[in-house]
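K.L.:
Pasting a structure below so you can have a look.
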Amino acid sequence: MSLHGSYDDQNIFARILRGEAPAVKVLEDDQVLAIMDVFPQSEGHVLVIPKARARNLLDLPAEAASAAIARARLIARAVETALKPDGIMLAQFSGAPAGQTVFHAHFHVIPRWEGRKIAGHGQAGQADVKALEALAERIRAAL
């Protein structure tokens with residue numbers, strides 16, 4: 001899919017935001033929903049999903065983008081406290097050629113440890129839901 005196009009109300013994040021699909025929640029407020037990535041690139045990989053209906057960062061209203069980045073920073077600090085990574089990667093992909101696989105704007109908060117490789121974007125196997133719940137609890141406790 002190209003950078004521009006129509007928004008698909010049936011994408012998985014839209015369905016999660018409407019409560020039609022399950023997710024392991026880390027944080028929710030009026031602007032964003034932060035969830036554990038079910039195909040994590042690294043232990044503790046969190047997705048920050050703006051509630052605004054936007055296909056990618058370029059479609060996201062400035063206020064929603066600012067709120068999402070502020071929440072991504074908050075989540076990154078909680079991930080640091082809870083999991084003690086050596087670094088944290090914040091990623092956002094806009095358009096399929098950039099690596100976007102779900103066409104609803106979102107940000108990745110990915111903990112990194114020295115000497116540990118991470119899975120490629122969208123290439124990791126599906127994580128165990130109980131393990132994700134345990135990680136989410138640790139991150140929520142650090143918020």
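Note on naming: chains are A, B, ... as they come in the structure tokens, residues start from 1 per chain, ligands start from 1 in the order shown.
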So that I can see what lies close to Glu28 of chain A, please list as a ChimeraX atom specification the residues with an atom at most 10 Å from it, counting only C-alpha atoms and leaving out residues fewer than 3 positions away in the same chain.
P.N.:
/A:17,25,31-35,48-51,71
K.L.:
Pull N, CA and C atoms from the residues just selected and write them as a PDB file, in the first residue's frame.
P.N.:
```pdb
ATOM      1  N   LEU A  17      -9.542  -0.554  19.037  1.00  0.00           N
ATOM      2  CA  LEU A  17     -10.025   0.694  19.635  1.00  0.00           C
ATOM      3  C   LEU A  17     -11.530   0.658  19.889  1.00  0.00           C
ATOM      4  N   LYS A  25      -3.763  -4.347  27.280  1.00  0.00           N
ATOM      5  CA  LYS A  25      -3.642  -2.898  27.466  1.00  0.00           C
ATOM      6  C   LYS A  25      -2.582  -2.543  28.507  1.00  0.00           C
ATOM      7  N   GLN A  31      -6.877  10.140  24.391  1.00  0.00           N
ATOM      8  CA  GLN A  31      -6.114  10.363  23.163  1.00  0.00           C
ATOM      9  C   GLN A  31      -5.512   9.096  22.550  1.00  0.00           C
ATOM     10  N   VAL A  32      -5.068   8.167  23.402  1.00  0.00           N
ATOM     11  CA  VAL A  32      -4.343   6.996  22.902  1.00  0.00           C
ATOM     12  C   VAL A  32      -4.722   5.721  23.649  1.00  0.00           C
ATOM     13  N   LEU A  33      -4.368   4.611  23.013  1.00  0.00           N
ATOM     14  CA  LEU A  33      -4.388   3.301  23.645  1.00  0.00           C
ATOM     15  C   LEU A  33      -2.995   2.727  23.450  1.00  0.00           C
ATOM     16  N   ALA A  34      -2.354   2.308  24.523  1.00  0.00           N
ATOM     17  CA  ALA A  34      -1.048   1.645  24.444  1.00  0.00           C
ATOM     18  C   ALA A  34      -1.264   0.180  24.781  1.00  0.00           C
ATOM     19  N   ILE A  35      -0.766  -0.699  23.898  1.00  0.00           N
ATOM     20  CA  ILE A  35      -0.959  -2.135  24.055  1.00  0.00           C
ATOM     21  C   ILE A  35       0.363  -2.865  23.836  1.00  0.00           C
ATOM     22  N   VAL A  48       1.839   2.362  20.761  1.00  0.00           N
ATOM     23  CA  VAL A  48       1.059   3.518  21.186  1.00  0.00           C
ATOM     24  C   VAL A  48       0.207   3.919  19.991  1.00  0.00           C
ATOM     25  N   ILE A  49      -1.105   3.761  20.145  1.00  0.00           N
ATOM     26  CA  ILE A  49      -2.044   3.937  19.040  1.00  0.00           C
ATOM     27  C   ILE A  49      -2.923   5.163  19.299  1.00  0.00           C
ATOM     28  N   PRO A  50      -2.777   6.209  18.491  1.00  0.00           N
ATOM     29  CA  PRO A  50      -3.683   7.350  18.640  1.00  0.00           C
ATOM     30  C   PRO A  50      -5.118   6.920  18.353  1.00  0.00           C
ATOM     31  N   LYS A  51      -6.056   7.507  19.064  1.00  0.00           N
ATOM     32  CA  LYS A  51      -7.463   7.195  18.830  1.00  0.00           C
ATOM     33  C   LYS A  51      -8.012   7.935  17.614  1.00  0.00           C
ATOM     34  N   ARG A  71       2.700  10.329  25.085  1.00  0.00           N
ATOM     35  CA  ARG A  71       2.391   9.050  25.730  1.00  0.00           C
ATOM     36  C   ARG A  71       3.492   8.019  25.440  1.00  0.00           C
TER      37      ARG A  71
END
```
K.L.:
Please report, as a Markdown table, each residue of segment 12-51 of chain A lying at most 8 Å from segment 96-104 of chain A, together with the nearest pair of atoms and the separation in Å rounded to one decimal; use only C-alpha atoms, and order rows by chain and ascending residue number.
P.N.:
```
| residue | atom | partner | partner_atom | distance |
| --- | --- | --- | --- | --- |
| A:Ile12 | CA | A:Val102 | CA | 7.2 |
| A:Phe13 | CA | A:His104 | CA | 6.5 |
| A:Ala14 | CA | A:His104 | CA | 7.3 |
| A:Ile49 | CA | A:His104 | CA | 7.9 |
```
K.L.:
Can you tell me, as an mmCIF file with N, CA and C atoms, in the first residue's frame, what residues are no more than 7 Å from segment 113-128 of chain A when counting only C-alpha atoms, ignoring any on the same chain fewer than 5 positions away?
P.N.:
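Wrote part.cif, looks like this:
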```cif
data_model
loop_
_atom_site.group_PDB
_atom_site.id
_atom_site.type_symbol
_atom_site.label_atom_id
_atom_site.label_comp_id
_atom_site.auth_asym_id
_atom_site.auth_seq_id
_atom_site.Cartn_x
_atom_site.Cartn_y
_atom_site.Cartn_z
ATOM 1 N N VAL A 38 1.627 -8.039 19.934
ATOM 2 C CA VAL A 38 1.500 -9.497 19.982
ATOM 3 C C VAL A 38 2.545 -10.190 19.109
ATOM 4 N N PHE A 39 3.235 -9.420 18.277
ATOM 5 C CA PHE A 39 4.355 -9.934 17.488
ATOM 6 C C PHE A 39 5.583 -9.086 17.849
ATOM 7 N N PRO A 40 6.042 -9.183 19.104
ATOM 8 C CA PRO A 40 7.071 -8.261 19.594
ATOM 9 C C PRO A 40 8.432 -8.470 18.938
ATOM 10 N N GLN A 41 9.086 -7.354 18.656
ATOM 11 C CA GLN A 41 10.448 -7.399 18.152
ATOM 12 C C GLN A 41 11.426 -7.642 19.294
ATOM 13 N N SER A 42 10.989 -7.306 20.510
ATOM 14 C CA SER A 42 11.811 -7.430 21.703
ATOM 15 C C SER A 42 10.865 -7.570 22.894
ATOM 16 N N PRO A 85 16.126 -1.868 30.266
ATOM 17 C CA PRO A 85 16.854 -2.094 29.020
ATOM 18 C C PRO A 85 18.075 -1.165 28.937
ATOM 19 N N ASP A 86 18.980 -1.498 28.039
ATOM 20 C CA ASP A 86 20.154 -0.653 27.812
ATOM 21 C C ASP A 86 19.822 0.532 26.905
ATOM 22 N N GLY A 87 18.753 0.411 26.160
ATOM 23 C CA GLY A 87 18.311 1.471 25.257
ATOM 24 C C GLY A 87 16.852 1.256 24.906
#
```
K.L.:
What is the distance, in Å and to one decimal place, between atom CA of Ser66 of chain A and atom CA of Gly95 of chain A?
P.N.:
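Going from atom CA of Ser66 of chain A over to atom CA of Gly95 of chain A covers 19.9 Å.
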K.L.:
Going by DSSP on the backbone, which residues of chain A come out as strand (DSSP E)? List them as an NGL selection string.
P.N.:
:A and (25-28 or 32-36 or 46-50 or 87-91 or 107-112)
K.L.:
Find the residues near segment 54-61 of chain A: any atom within 7 Å, counting only C-alpha atoms, skip ones fewer than 3 places away on the same chain, and give them as a PyMOL selection string.
P.N.:
chain A and resi 7+64-65+94+103-105
K.L.:
Only C-alpha atoms, please: the residues just picked out, written as a PDB file, in the first residue's frame.
P.N.:
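That gives us result26.pdb:
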```pdb
ATOM      1  CA  TYR A   7      -8.621   4.753   5.777  1.00  0.00           C
ATOM      2  CA  ALA A  64      -3.104  13.838  18.170  1.00  0.00           C
ATOM      3  CA  ALA A  65       0.528  13.396  17.068  1.00  0.00           C
ATOM      4  CA  SER A  94       4.307   5.599   7.295  1.00  0.00           C
ATOM      5  CA  PHE A 103      -2.603   1.256   8.222  1.00  0.00           C
ATOM      6  CA  HIS A 104      -3.616   3.142  11.342  1.00  0.00           C
ATOM      7  CA  ALA A 105      -1.020   5.587  12.696  1.00  0.00           C
TER       8      ALA A 105
END
```
K.L.:
Write out as a PyMOL selection string all residues of chain A that backbone DSSP assigns to alpha helix (DSSP H).
P.N.:
chain A and resi 12-17+62-83+129-142
K.L.:
For Ala78 of chain A, list every protein, DNA or RNA residue within 10 Å, evaluated using only C-alpha atoms, and leave out those in the same chain fewer than 2 positions away; present the list as a list in words.
P.N.:
Ala72, Arg73, Leu74, Ile75, Ala76, Glu80, Thr81, Ala82, Leu83, Lys84, Arg138, Ile139, Arg140, Ala141, Ala142 and Leu143 of chain A
K.L.:
Choose the residue, out of A:Val129, A:Ala67, A:Met36, A:Leu90, that has the smallest atom-to-atom separation from His108 of chain A; count only C-alpha atoms.
P.N.:
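When distances to His108 of chain A are compared using only C-alpha atoms, the smallest one comes from A:Leu90.
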